[in-house]
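Q: Got coords.cif for you, mmCIF, C-alpha atoms:
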data_model
loop_
_atom_site.label_atom_id
_atom_site.label_comp_id
_atom_site.auth_asym_id
_atom_site.auth_seq_id
_atom_site.Cartn_x
_atom_site.Cartn_y
_atom_site.Cartn_z
CA MET A 154 24.02 7.09 10.60
CA PRO A 155 21.06 8.67 12.50
CA LEU A 156 18.35 6.32 13.75
CA ALA A 157 14.93 6.37 12.15
CA SER A 158 12.02 7.77 14.13
CA VAL A 159 9.29 5.14 14.44
CA PRO A 160 5.78 6.41 15.37
CA PRO A 161 3.57 4.33 17.69
CA MET A 162 1.06 1.80 16.41
CA PRO A 163 -2.54 3.09 16.27
CA ARG A 164 -4.10 -0.09 17.70
CA ARG A 165 -3.51 -3.69 18.68
CA ALA A 166 -6.44 -5.92 17.86
CA ARG A 167 -4.57 -9.10 16.93
CA SER A 168 -1.30 -10.89 17.43
CA ILE A 169 1.22 -8.25 18.46
CA SER A 170 3.81 -9.55 15.99
CA VAL A 171 1.29 -9.33 13.13
CA GLU A 172 0.34 -5.80 14.16
CA LEU A 173 4.00 -4.85 14.37
CA ALA A 174 4.78 -6.28 10.94
CA ALA A 175 1.76 -4.46 9.48
CA HIS A 176 2.80 -1.20 11.12
CA PHE A 177 6.38 -1.32 9.88
CA GLU A 178 5.43 -2.48 6.40
CA ARG A 179 2.98 0.39 6.02
CA LEU A 180 5.64 2.88 7.18
CA ILE A 181 8.04 1.47 4.58
CA ALA A 182 5.42 1.35 1.82
CA THR A 183 4.33 4.96 2.35
CA GLY A 184 7.88 6.29 2.68
CA ALA A 185 7.74 7.18 6.37
CA LEU A 186 10.69 4.82 6.75
CA ARG A 187 13.06 5.31 3.83
CA PRO A 188 15.47 2.87 2.17
CA GLY A 189 18.80 2.85 3.98
CA GLU A 190 17.42 4.08 7.31
CA ARG A 191 18.54 2.14 10.38
CA LEU A 192 15.99 1.25 13.04
CA PRO A 193 16.78 1.81 16.71
CA PRO A 194 18.35 -1.13 18.61
CA GLU A 195 15.94 -3.96 19.40
CA ARG A 196 15.81 -3.34 23.14
CA GLU A 197 15.22 0.40 22.65
CA LEU A 198 12.63 -0.09 19.92
CA ALA A 199 10.69 -2.71 21.89
CA ALA A 200 10.63 -0.46 24.96
CA SER A 201 9.51 2.61 22.98
CA MET A 202 6.63 0.64 21.44
CA SER A 203 5.75 -1.18 24.68
CA VAL A 204 6.08 -4.64 23.12
CA SER A 205 8.16 -7.67 23.97
CA ARG A 206 11.44 -8.26 22.19
CA SER A 207 10.18 -11.68 21.07
CA SER A 208 7.16 -10.10 19.34
CA LEU A 209 9.41 -7.52 17.70
CA ARG A 210 11.82 -10.21 16.51
CA GLU A 211 8.96 -12.21 15.01
CA ALA A 212 7.73 -9.15 13.13
CA MET A 213 11.24 -8.41 11.85
CA HIS A 214 11.58 -11.98 10.62
CA GLU A 215 8.49 -11.44 8.46
CA LEU A 216 9.79 -8.13 7.12
CA GLU A 217 13.12 -9.75 6.36
CA ALA A 218 11.38 -12.60 4.52
CA LYS A 219 9.59 -9.98 2.42
CA HIS A 220 12.95 -8.30 1.70
CA LEU A 221 11.79 -5.09 3.35
CA VAL A 222 14.57 -4.96 5.95
CA GLU A 223 18.07 -6.35 6.34
CA ARG A 224 19.32 -7.54 9.73
CA ARG A 225 23.08 -7.70 10.09
CA THR A 226 25.25 -8.34 13.11
CA GLY A 227 26.93 -5.14 14.18
CA ARG A 228 24.78 -2.96 11.91
CA GLY A 229 21.31 -3.59 13.28
CA THR A 230 18.14 -3.52 11.18
CA ILE A 231 18.15 -1.39 8.03
CA VAL A 232 15.33 -0.66 5.59
CA THR A 233 16.23 -2.41 2.36
CA GLN A 234 17.38 -0.40 -0.61
CA GLN A 235 15.39 -0.82 -3.83
CA ALA A 236 16.78 -3.31 -6.31
CA GLU A 237 18.55 -1.69 -9.25
CA SER A 238 15.88 -2.98 -11.64
CA VAL A 239 13.16 -1.26 -9.58
CA THR A 240 15.09 2.02 -9.42
CA GLU A 241 15.62 1.92 -13.18
CA LEU A 242 11.91 1.30 -13.74
CA TYR A 243 10.93 4.27 -11.55
CA ASN A 244 13.46 6.49 -13.31
CA GLY A 245 12.32 5.35 -16.74
CA LEU A 246 8.65 5.88 -15.97
CA ALA A 247 9.29 9.28 -14.39
CA ALA A 248 11.29 10.37 -17.42
CA ASP A 249 8.25 9.71 -19.61
CA ASP A 250 5.85 11.79 -17.49
CA ALA A 251 5.36 14.44 -20.13
CA ASP A 252 4.53 11.86 -22.79
CA VAL A 253 1.94 9.95 -20.77
CA THR A 254 -1.66 10.71 -21.71
CA LEU A 255 -4.48 10.29 -19.22
CA ASP A 256 -6.20 7.74 -21.46
CA ASP A 257 -3.03 5.67 -21.68
CA ALA A 258 -2.50 5.77 -17.92
CA THR A 259 -6.13 4.83 -17.26
CA GLU A 260 -5.92 1.95 -19.70
CA LEU A 261 -2.73 0.75 -18.01
CA ARG A 262 -4.54 0.70 -14.65
CA LEU A 263 -7.37 -1.36 -16.15
CA ILE A 264 -4.86 -3.90 -17.47
CA VAL A 265 -2.44 -4.09 -14.55
CA GLU A 266 -4.41 -3.53 -11.36
CA PRO A 267 -6.79 -6.52 -11.69
CA ARG A 268 -3.67 -8.70 -11.96
CA ILE A 269 -2.23 -6.98 -8.88
CA ALA A 270 -5.42 -7.79 -6.97
CA ALA A 271 -5.25 -11.41 -8.12
CA ALA A 272 -1.63 -11.71 -7.01
CA ALA A 273 -2.46 -10.13 -3.65
CA ALA A 274 -5.21 -12.71 -3.13
CA LEU A 275 -2.64 -15.46 -3.54
CA ARG A 276 0.26 -13.89 -1.63
CA ALA A 277 -1.09 -11.55 1.06
CA SER A 278 -0.06 -12.28 4.64
CA PRO A 279 -2.05 -11.55 7.82
CA SER A 280 -0.10 -8.30 8.26
CA ASN A 281 -1.23 -7.19 4.79
CA PHE A 282 -4.84 -7.81 5.82
CA VAL A 283 -4.32 -5.59 8.87
CA GLN A 284 -3.00 -2.76 6.69
CA LEU A 285 -5.87 -2.96 4.21
CA GLU A 286 -8.48 -3.18 6.98
CA ASP A 287 -7.01 -0.07 8.60
CA VAL A 288 -7.31 1.92 5.36
CA LEU A 289 -10.91 0.74 4.91
CA ALA A 290 -11.75 1.70 8.50
CA ARG A 291 -10.36 5.19 8.00
CA SER A 292 -12.16 5.50 4.67
CA ALA A 293 -15.46 4.69 6.38
CA LEU A 294 -15.12 7.67 8.75
CA ASP A 295 -16.55 10.08 6.15
CA PRO A 296 -13.25 11.72 5.12
CA ASN A 297 -13.21 14.90 3.08
CA ALA A 298 -12.26 14.87 -0.60
CA GLU A 299 -8.50 15.27 -0.08
CA GLN A 300 -8.36 12.64 2.67
CA SER A 301 -10.47 10.25 0.61
CA LEU A 302 -8.14 10.58 -2.37
CA ALA A 303 -5.09 9.99 -0.16
CA LEU A 304 -6.72 6.87 1.31
CA ASP A 305 -7.60 5.69 -2.20
CA VAL A 306 -3.95 5.98 -3.27
CA GLU A 307 -2.82 4.26 -0.06
CA PHE A 308 -5.22 1.34 -0.53
CA HIS A 309 -3.96 0.61 -4.04
CA LEU A 310 -0.34 1.03 -2.94
CA LEU A 311 -0.71 -1.38 -0.01
CA LEU A 312 -2.53 -3.85 -2.24
CA ALA A 313 0.41 -3.75 -4.65
CA HIS A 314 2.77 -4.42 -1.75
CA ALA A 315 0.61 -7.39 -0.77
CA ALA A 316 1.24 -8.79 -4.27
CA ARG A 317 4.93 -8.95 -3.29
CA ASN A 318 6.35 -7.79 -6.60
CA PRO A 319 8.33 -4.53 -6.40
CA LEU A 320 7.98 -3.94 -10.13
CA LEU A 321 4.19 -3.98 -9.79
CA VAL A 322 4.51 -1.53 -6.89
CA ALA A 323 6.50 0.79 -9.16
CA VAL A 324 3.90 0.63 -11.94
CA CYS A 325 1.03 1.15 -9.45
CA THR A 326 2.81 4.14 -7.91
CA MET A 327 3.36 5.82 -11.24
CA THR A 328 -0.16 5.20 -12.57
CA SER A 329 -1.54 6.72 -9.35
CA ARG A 330 0.65 9.76 -9.97
CA TRP A 331 -0.42 10.07 -13.60
CA THR A 332 -4.14 9.77 -12.83
CA GLU A 333 -4.27 11.72 -9.55
CA SER A 334 -5.64 14.94 -11.04
CA VAL A 335 -8.63 13.31 -12.70
CA ARG A 336 -9.27 10.90 -9.80
CA ARG A 337 -9.98 13.96 -7.66
CA HIS A 338 -13.29 14.21 -9.49
CA SER A 339 -14.43 10.82 -8.16
CA HIS A 340 -13.73 11.91 -4.57
CA ALA A 341 -15.33 15.34 -4.87
CA THR A 342 -18.82 14.12 -3.93
CA PRO A 343 -20.17 11.88 -1.15
CA GLU A 344 -21.48 9.49 -3.81
CA GLY A 345 -18.04 9.18 -5.39
CA ARG A 346 -16.36 8.57 -2.04
CA LEU A 347 -18.94 5.91 -1.18
CA ARG A 348 -18.51 4.14 -4.53
CA SER A 349 -14.74 4.13 -3.99
CA LEU A 350 -15.10 2.63 -0.51
CA GLU A 351 -17.56 -0.02 -1.73
CA GLY A 352 -15.18 -1.00 -4.50
CA HIS A 353 -12.26 -1.31 -2.10
CA GLN A 354 -14.36 -3.38 0.31
CA ALA A 355 -15.30 -5.82 -2.45
CA ILE A 356 -11.66 -6.14 -3.51
CA TYR A 357 -10.58 -6.71 0.07
CA ARG A 358 -13.18 -9.43 0.66
CA ALA A 359 -11.96 -11.35 -2.37
CA VAL A 360 -8.32 -10.93 -1.33
CA ARG A 361 -9.16 -12.04 2.22
CA GLU A 362 -10.85 -15.14 0.82
CA GLN A 363 -7.77 -15.82 -1.36
CA ASP A 364 -9.98 -15.82 -4.45
CA ALA A 365 -7.74 -14.48 -7.20
CA GLU A 366 -10.40 -14.55 -9.90
CA ALA A 367 -12.93 -12.69 -7.74
CA ALA A 368 -10.28 -10.16 -6.69
CA ALA A 369 -9.42 -9.40 -10.32
CA ALA A 370 -13.11 -9.07 -11.20
CA ALA A 371 -13.75 -6.79 -8.22
CA MET A 372 -10.85 -4.55 -9.21
CA ASP A 373 -12.05 -4.41 -12.82
CA GLU A 374 -15.55 -3.48 -11.66
CA HIS A 375 -14.19 -0.86 -9.24
CA LEU A 376 -12.06 0.84 -11.89
CA SER A 377 -14.93 0.79 -14.39
CA VAL A 378 -17.33 2.38 -11.89
CA ILE A 379 -14.81 5.09 -11.02
CA ARG A 380 -14.15 5.73 -14.70
CA GLU A 381 -17.88 6.27 -15.28
CA LEU A 382 -18.12 8.62 -12.29
CA ILE A 383 -15.22 10.67 -13.59
CA ALA A 384 -16.74 10.79 -17.08
CA ARG A 385 -20.03 12.12 -15.65
CA ARG A 386 -18.22 14.77 -13.59
CA THR A 387 -16.05 15.98 -16.48
CA SER A 388 -18.58 15.83 -19.33
#
Any chance you could give the structure as structure tokens?
A:
Amino acid sequence: MPLASVPPMPRRARSISVELAAHFERLIATGALRPGERLPPERELAASMSVSRSSLREAMHELEAKHLVERRTGRGTIVTQQAESVTELYNGLAADDADVTLDDATELRLIVEPRIAAAAALRASPSNFVQLEDVLARSALDPNAEQSLALDVEFHLLLAHAARNPLLVAVCTMTSRWTESVRRHSHATPEGRLRSLEGHQAIYRAVREQDAEAAAAAMDEHLSVIRELIARRTS
């Protein structure tokens, strides 16, 4: 089995193990590291990333606790395969693509994503905060429309991962896919990109403060604002 290629971390502002866990979790969440891929041996991986083996081990313990990797004697560290129930949900949702209307998908987001934000507020770890802060920092650098949309999708995906429920990740992934074409309208103007960033910042603050009710309310407000922006652009 070929070894996975692991890119370097962009920064190290906190505990190295937290930064490492955040880095690897983001790579797994975004598909840069795929299920079934085996990571390089510990000594080699630590050397390539210029970190200590103890910091790397601590990060891997967190990823293992989140069921993102499996560590087995003689096999090394392998990115965990999706549970059968998650695979079936993805397959079932994908099979219904043609039958999903934009209104239905938008309504599903309004129902599900505030609950995802609430769950993230209760379950997010320090490494999840690092990931979300990184997306917000990149979003604040005045990205163009395409980059802004990609960062929008990434923020919601990482938030779903912070909720630590793979079924919610599957639903969030599919609703992003179903609404991507219309969400482009909200990122087409500087105003829309700013409103998106402000909404994400409010959600993050509530999640960081572990305030589930405020996180759900911030997500509901964010989605409502974006829905109004899209309606104005498409009317």
Q: To verify the selection step, state as a VMD selection string which residues the PyMOL selection byres ((chain A and resi 332) around 12) yields on this input.
A: chain A and resid 250 253 to 262 302 305 to 306 325 to 331 333 to 339 376 379 to 380 383
Q: Here's a test: counting only C-alpha atoms, identify every protein, DNA and RNA residue with an atom at most 10 Å from (-13.4, 1.5, -4.3) in the file's coordinate frame, and state them as a PyMOL selection string.
A: chain A and resi 289+292+305+308-309+345-357+371-372+374-376+378-379
Q: Identify, on the basis of only C-alpha atoms, every residue whose closest approach to Ala273 of chain A does not exceed 12 Å; exclude the query and any residue fewer than 6 positions from it along the same chain; express the result as a compact mmCIF listing (two decimals) with C-alpha atoms, keeping the file's coordinate frame.
A:
# COMPACT_ATOMS: atom_id res chain seq x y z
CA GLU A 266 -4.41 -3.53 -11.36
CA PRO A 267 -6.79 -6.52 -11.69
CA PRO A 279 -2.05 -11.55 7.82
CA ASN A 281 -1.23 -7.19 4.79
CA PHE A 282 -4.84 -7.81 5.82
CA LEU A 285 -5.87 -2.96 4.21
CA HIS A 309 -3.96 0.61 -4.04
CA LEU A 310 -0.34 1.03 -2.94
CA LEU A 311 -0.71 -1.38 -0.01
CA LEU A 312 -2.53 -3.85 -2.24
CA ALA A 313 0.41 -3.75 -4.65
CA HIS A 314 2.77 -4.42 -1.75
CA ALA A 315 0.61 -7.39 -0.77
CA ALA A 316 1.24 -8.79 -4.27
CA ARG A 317 4.93 -8.95 -3.29
CA ASN A 318 6.35 -7.79 -6.60
CA LEU A 321 4.19 -3.98 -9.79
CA VAL A 322 4.51 -1.53 -6.89
CA ILE A 356 -11.66 -6.14 -3.51
CA TYR A 357 -10.58 -6.71 0.07
CA ARG A 358 -13.18 -9.43 0.66
CA ALA A 359 -11.96 -11.35 -2.37
CA VAL A 360 -8.32 -10.93 -1.33
CA ARG A 361 -9.16 -12.04 2.22
CA GLU A 362 -10.85 -15.14 0.82
CA GLN A 363 -7.77 -15.82 -1.36
CA ASP A 364 -9.98 -15.82 -4.45
CA ALA A 365 -7.74 -14.48 -7.20
CA GLU A 366 -10.40 -14.55 -9.90
CA ALA A 367 -12.93 -12.69 -7.74
CA ALA A 368 -10.28 -10.16 -6.69
CA ALA A 369 -9.42 -9.40 -10.32
CA MET A 372 -10.85 -4.55 -9.21
Q: Nearest to Ala341 of chain A among A:Ala270, A:Ala298, A:Ala247, A:Leu320, with distances taken over only C-alpha atoms: which residue is it?
A: A:Ala298
Q: Interatomic distance between atom CA of Met202 of chain A and atom CA of Ala174 of chain A?
A: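 Computing the Euclidean distance for atom CA of Met202 of chain A and atom CA of Ala174 of chain A yields 12.7 Å.
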Q: Of the candidates A:Ala323, A:Ala271, A:Ser280, A:Pro194, which shows the shortest atom-to-atom distance to Val239 of chain A, using all atoms listed in the file?
A: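 Smallest separation from Val239 of chain A among the options: A:Ala323.
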Q: When you draw a straight line from atom CA of Glu215 of chain A to atom CA of Leu304 of chain A, how long is it in Å?
A: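 Atom-to-atom, atom CA of Glu215 of chain A to atom CA of Leu304 of chain A, that is 24.9 Å.
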Q: Work out how far apart atom CA of His220 of chain A and atom CA of Phe177 of chain A are and give it in Å to one decimal.
A: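 Rounded to one decimal, the two atoms are 12.6 Å apart.
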Q: Name all residues at most 10 Å from Glu211 of chain A (count all atoms listed in the file; drop same-chain ones fewer than 5 positions away) and give them as a list in words.
A: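 Non-adjacent residues within range: Ile169, Ser170, Val171, Leu173, Ala174, Arg206, Leu216 and Glu217 of chain A.
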Q: Restricting the calculation to all atoms listed in the file, which member of A:His214, A:Lys219, A:Arg224, A:His176 is positioned closest to Gly189 of chain A?
A: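 That would be A:Arg224, the residue with the smallest distance to Gly189 of chain A.
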